[in-house]
$ cat run.txt   # compact mmCIF, C-alpha atoms
# COMPACT_ATOMS: atom_id res chain seq x y z
CA MET A 1 -0.07 8.70 36.52
CA LYS A 2 0.91 11.14 33.79
CA SER A 3 -0.57 10.63 30.35
CA SER A 4 2.93 10.70 28.85
CA ASN A 5 3.89 7.69 31.00
CA VAL A 6 0.76 5.83 29.91
CA LEU A 7 1.50 6.59 26.27
CA LEU A 8 5.12 5.53 26.65
CA GLY A 9 4.03 2.29 28.31
CA PHE A 10 1.59 1.61 25.50
CA VAL A 11 4.22 2.22 22.81
CA VAL A 12 6.81 0.04 24.56
CA GLY A 13 4.23 -2.72 25.08
CA ALA A 14 3.16 -2.58 21.46
CA ALA A 15 6.78 -2.75 20.28
CA ALA A 16 7.51 -5.69 22.57
CA GLY A 17 4.38 -7.48 21.38
CA ALA A 18 5.32 -6.93 17.74
CA ALA A 19 8.87 -8.20 18.36
CA LEU A 20 7.58 -11.33 20.11
CA GLY A 21 5.06 -11.89 17.36
CA ILE A 22 7.79 -11.79 14.74
CA LEU A 23 10.08 -14.06 16.75
CA PHE A 24 7.42 -16.73 17.25
CA ALA A 25 5.80 -16.45 13.84
CA PRO A 26 5.21 -19.79 12.11
CA GLU A 27 6.54 -18.50 8.78
CA LYS A 28 10.07 -18.55 7.42
CA GLY A 29 12.23 -15.55 8.23
CA SER A 30 12.52 -14.55 4.58
CA ASP A 31 8.71 -14.48 4.23
CA THR A 32 8.40 -12.42 7.40
CA ARG A 33 11.05 -9.97 6.17
CA GLU A 34 9.24 -9.60 2.84
CA LYS A 35 5.98 -8.87 4.64
CA LEU A 36 7.68 -6.35 6.91
CA ALA A 37 9.31 -4.63 3.94
CA SER A 38 5.98 -4.51 2.12
CA LYS A 39 4.15 -3.12 5.14
CA GLY A 40 6.96 -0.62 5.71
CA GLY A 41 6.71 0.53 2.10
CA ASP A 42 2.93 0.86 2.39
CA PHE A 43 3.30 2.83 5.61
CA SER A 44 5.93 5.08 4.03
CA ASP A 45 3.75 5.75 0.97
CA ASP A 46 0.75 6.52 3.18
CA LEU A 47 2.81 8.85 5.34
CA LYS A 48 4.14 10.70 2.28
CA TYR A 49 0.62 11.07 0.91
CA LYS A 50 -0.71 12.44 4.19
CA PHE A 51 2.26 14.78 4.58
CA ASN A 52 1.83 16.15 1.05
CA ASN A 53 -1.89 16.71 1.69
CA PHE A 54 -1.02 18.49 4.94
CA ILE A 55 1.47 20.75 3.14
CA ASP A 56 -1.03 21.50 0.36
CA ASP A 57 -3.74 22.37 2.90
CA LEU A 58 -1.31 24.53 4.84
CA ALA A 59 -0.26 26.39 1.69
CA GLU A 60 -3.88 26.96 0.70
CA LYS A 61 -4.83 28.24 4.16
CA SER A 62 -1.81 30.53 4.34
CA LYS A 63 -2.63 31.95 0.92
CA SER A 64 -6.22 32.55 2.02
CA LEU A 65 -5.02 34.18 5.23
CA PHE A 66 -2.61 36.41 3.29
CA THR A 67 -5.43 37.47 0.95
CA LYS A 68 -7.67 38.31 3.91
CA GLY A 69 -4.81 40.27 5.47
CA GLU A 70 -4.42 42.30 2.28
CA GLN A 71 -8.16 43.03 2.32
CA VAL A 72 -7.97 44.21 5.94
CA VAL A 73 -5.06 46.52 5.07
CA GLU A 74 -6.95 47.95 2.09
CA ASN A 75 -10.07 48.51 4.21
CA GLY A 76 -7.93 50.21 6.84
CA LYS A 77 -6.38 52.50 4.23
CA SER A 78 -9.81 53.39 2.87
CA THR A 79 -11.08 54.18 6.35
CA ILE A 80 -8.07 56.38 7.13
CA GLU A 81 -8.46 58.22 3.80
CA GLN A 82 -12.16 58.79 4.55
CA ILE A 83 -11.33 60.13 8.02
CA ASN A 84 -8.69 62.45 6.52
CA ARG A 85 -11.18 63.75 3.94
CA ASN A 86 -13.72 64.41 6.69
CA ILE A 87 -11.15 66.25 8.80
CA VAL A 88 -9.98 68.39 5.84
CA SER A 89 -13.57 69.24 4.84
CA GLU A 90 -14.36 70.34 8.41
CA VAL A 91 -11.33 72.66 8.60
$ encode --input "run.txt" --output "structure tokens"
Amino acid sequence: MKSSNVLLGFVVGAAAGAALGILFAPEKGSDTREKLASKGGDFSDDLKYKFNNFIDDLAEKSKSLFTKGEQVVENGKSTIEQINRNIVSEV
């Protein structure tokens, strides 16, 4: 069985279980809706926080990579200039 089928089955089962849990909950519908809205808001806030951290980390790593790239280019230029000086001095 493919792992994607297993994952899909798990997600569908979890969704069905959550739906049945809500339908047979002993609380009033309005209380359940308030809890769902609160949990949804918490999930949304957490997701935004994690996404912003991901973007910040990505920006920092790309800046670091760009800086290292500039250093490699400068080292390459220095090496080429040194080779050119050696060739000219030998001629």
$ atom_distance --input "run.txt" --atom1 "atom CA of A:Ser38" --atom2 "atom CA of A:Asn53"
22.6 Å
$ atom_distance --input "run.txt" --atom1 "atom CA of A:Phe43" --atom2 "atom CA of A:Val6"
24.6 Å
$ atom_distance --input "run.txt" --atom1 "atom CA of A:Val12" --atom2 "atom CA of A:Leu36"
18.8 Å
$ build_atoms --input "run.txt" --residues "stretch 6-17 of chain A" --atoms "all heavy atoms" --output "mmCIF file, in the coordinates of the input"
data_model
loop_
_atom_site.group_PDB
_atom_site.id
_atom_site.type_symbol
_atom_site.label_atom_id
_atom_site.label_comp_id
_atom_site.auth_asym_id
_atom_site.auth_seq_id
_atom_site.Cartn_x
_atom_site.Cartn_y
_atom_site.Cartn_z
ATOM 1 N N VAL A 6 1.696 6.824 30.436
ATOM 2 C CA VAL A 6 0.760 5.830 29.910
ATOM 3 C C VAL A 6 1.036 5.608 28.427
ATOM 4 O O VAL A 6 1.090 4.472 27.956
ATOM 5 C CB VAL A 6 -0.694 6.283 30.142
ATOM 6 C CG1 VAL A 6 -1.668 5.367 29.432
ATOM 7 C CG2 VAL A 6 -0.993 6.351 31.634
ATOM 8 N N LEU A 7 1.231 6.701 27.698
ATOM 9 C CA LEU A 7 1.500 6.590 26.270
ATOM 10 C C LEU A 7 2.815 5.863 26.014
ATOM 11 O O LEU A 7 2.884 4.983 25.149
ATOM 12 C CB LEU A 7 1.540 7.985 25.631
ATOM 13 C CG LEU A 7 1.789 8.039 24.130
ATOM 14 C CD1 LEU A 7 0.689 7.295 23.384
ATOM 15 C CD2 LEU A 7 1.857 9.471 23.656
ATOM 16 N N LEU A 8 3.842 6.199 26.792
ATOM 17 C CA LEU A 8 5.120 5.530 26.650
ATOM 18 C C LEU A 8 4.991 4.040 26.939
ATOM 19 O O LEU A 8 5.535 3.200 26.218
ATOM 20 C CB LEU A 8 6.167 6.162 27.575
ATOM 21 C CG LEU A 8 7.563 5.551 27.547
ATOM 22 C CD1 LEU A 8 8.173 5.702 26.157
ATOM 23 C CD2 LEU A 8 8.450 6.198 28.589
ATOM 24 N N GLY A 9 4.258 3.699 27.980
ATOM 25 C CA GLY A 9 4.030 2.290 28.310
ATOM 26 C C GLY A 9 3.308 1.559 27.202
ATOM 27 O O GLY A 9 3.641 0.414 26.876
ATOM 28 N N PHE A 10 2.323 2.225 26.608
ATOM 29 C CA PHE A 10 1.590 1.610 25.500
ATOM 30 C C PHE A 10 2.500 1.357 24.309
ATOM 31 O O PHE A 10 2.476 0.283 23.717
ATOM 32 C CB PHE A 10 0.420 2.504 25.086
ATOM 33 C CG PHE A 10 -0.353 1.973 23.924
ATOM 34 C CD1 PHE A 10 -1.241 0.934 24.076
ATOM 35 C CD2 PHE A 10 -0.176 2.513 22.658
ATOM 36 C CE1 PHE A 10 -1.953 0.435 22.999
ATOM 37 C CE2 PHE A 10 -0.869 2.024 21.572
ATOM 38 C CZ PHE A 10 -1.766 0.981 21.745
ATOM 39 N N VAL A 11 3.318 2.351 23.958
ATOM 40 C CA VAL A 11 4.220 2.220 22.810
ATOM 41 C C VAL A 11 5.245 1.107 23.056
ATOM 42 O O VAL A 11 5.492 0.275 22.175
ATOM 43 C CB VAL A 11 4.919 3.568 22.513
ATOM 44 C CG1 VAL A 11 6.025 3.400 21.496
ATOM 45 C CG2 VAL A 11 3.902 4.588 22.025
ATOM 46 N N VAL A 12 5.826 1.072 24.248
ATOM 47 C CA VAL A 12 6.810 0.040 24.560
ATOM 48 C C VAL A 12 6.147 -1.335 24.538
ATOM 49 O O VAL A 12 6.705 -2.297 24.000
ATOM 50 C CB VAL A 12 7.475 0.320 25.932
ATOM 51 C CG1 VAL A 12 8.296 -0.862 26.395
ATOM 52 C CG2 VAL A 12 8.330 1.569 25.854
ATOM 53 N N GLY A 13 4.943 -1.437 25.093
ATOM 54 C CA GLY A 13 4.230 -2.720 25.080
ATOM 55 C C GLY A 13 3.897 -3.180 23.672
ATOM 56 O O GLY A 13 4.023 -4.364 23.351
ATOM 57 N N ALA A 14 3.483 -2.238 22.848
ATOM 58 C CA ALA A 14 3.160 -2.580 21.460
ATOM 59 C C ALA A 14 4.410 -3.037 20.708
ATOM 60 O O ALA A 14 4.371 -4.018 19.946
ATOM 61 C CB ALA A 14 2.525 -1.394 20.752
ATOM 62 N N ALA A 15 5.530 -2.361 20.934
ATOM 63 C CA ALA A 15 6.780 -2.750 20.280
ATOM 64 C C ALA A 15 7.225 -4.129 20.753
ATOM 65 O O ALA A 15 7.660 -4.964 19.943
ATOM 66 C CB ALA A 15 7.864 -1.712 20.553
ATOM 67 N N ALA A 16 7.125 -4.382 22.044
ATOM 68 C CA ALA A 16 7.510 -5.690 22.570
ATOM 69 C C ALA A 16 6.608 -6.783 22.016
ATOM 70 O O ALA A 16 7.075 -7.864 21.642
ATOM 71 C CB ALA A 16 7.448 -5.674 24.104
ATOM 72 N N GLY A 17 5.320 -6.509 21.940
ATOM 73 C CA GLY A 17 4.380 -7.480 21.380
ATOM 74 C C GLY A 17 4.674 -7.771 19.919
ATOM 75 O O GLY A 17 4.624 -8.928 19.474
#
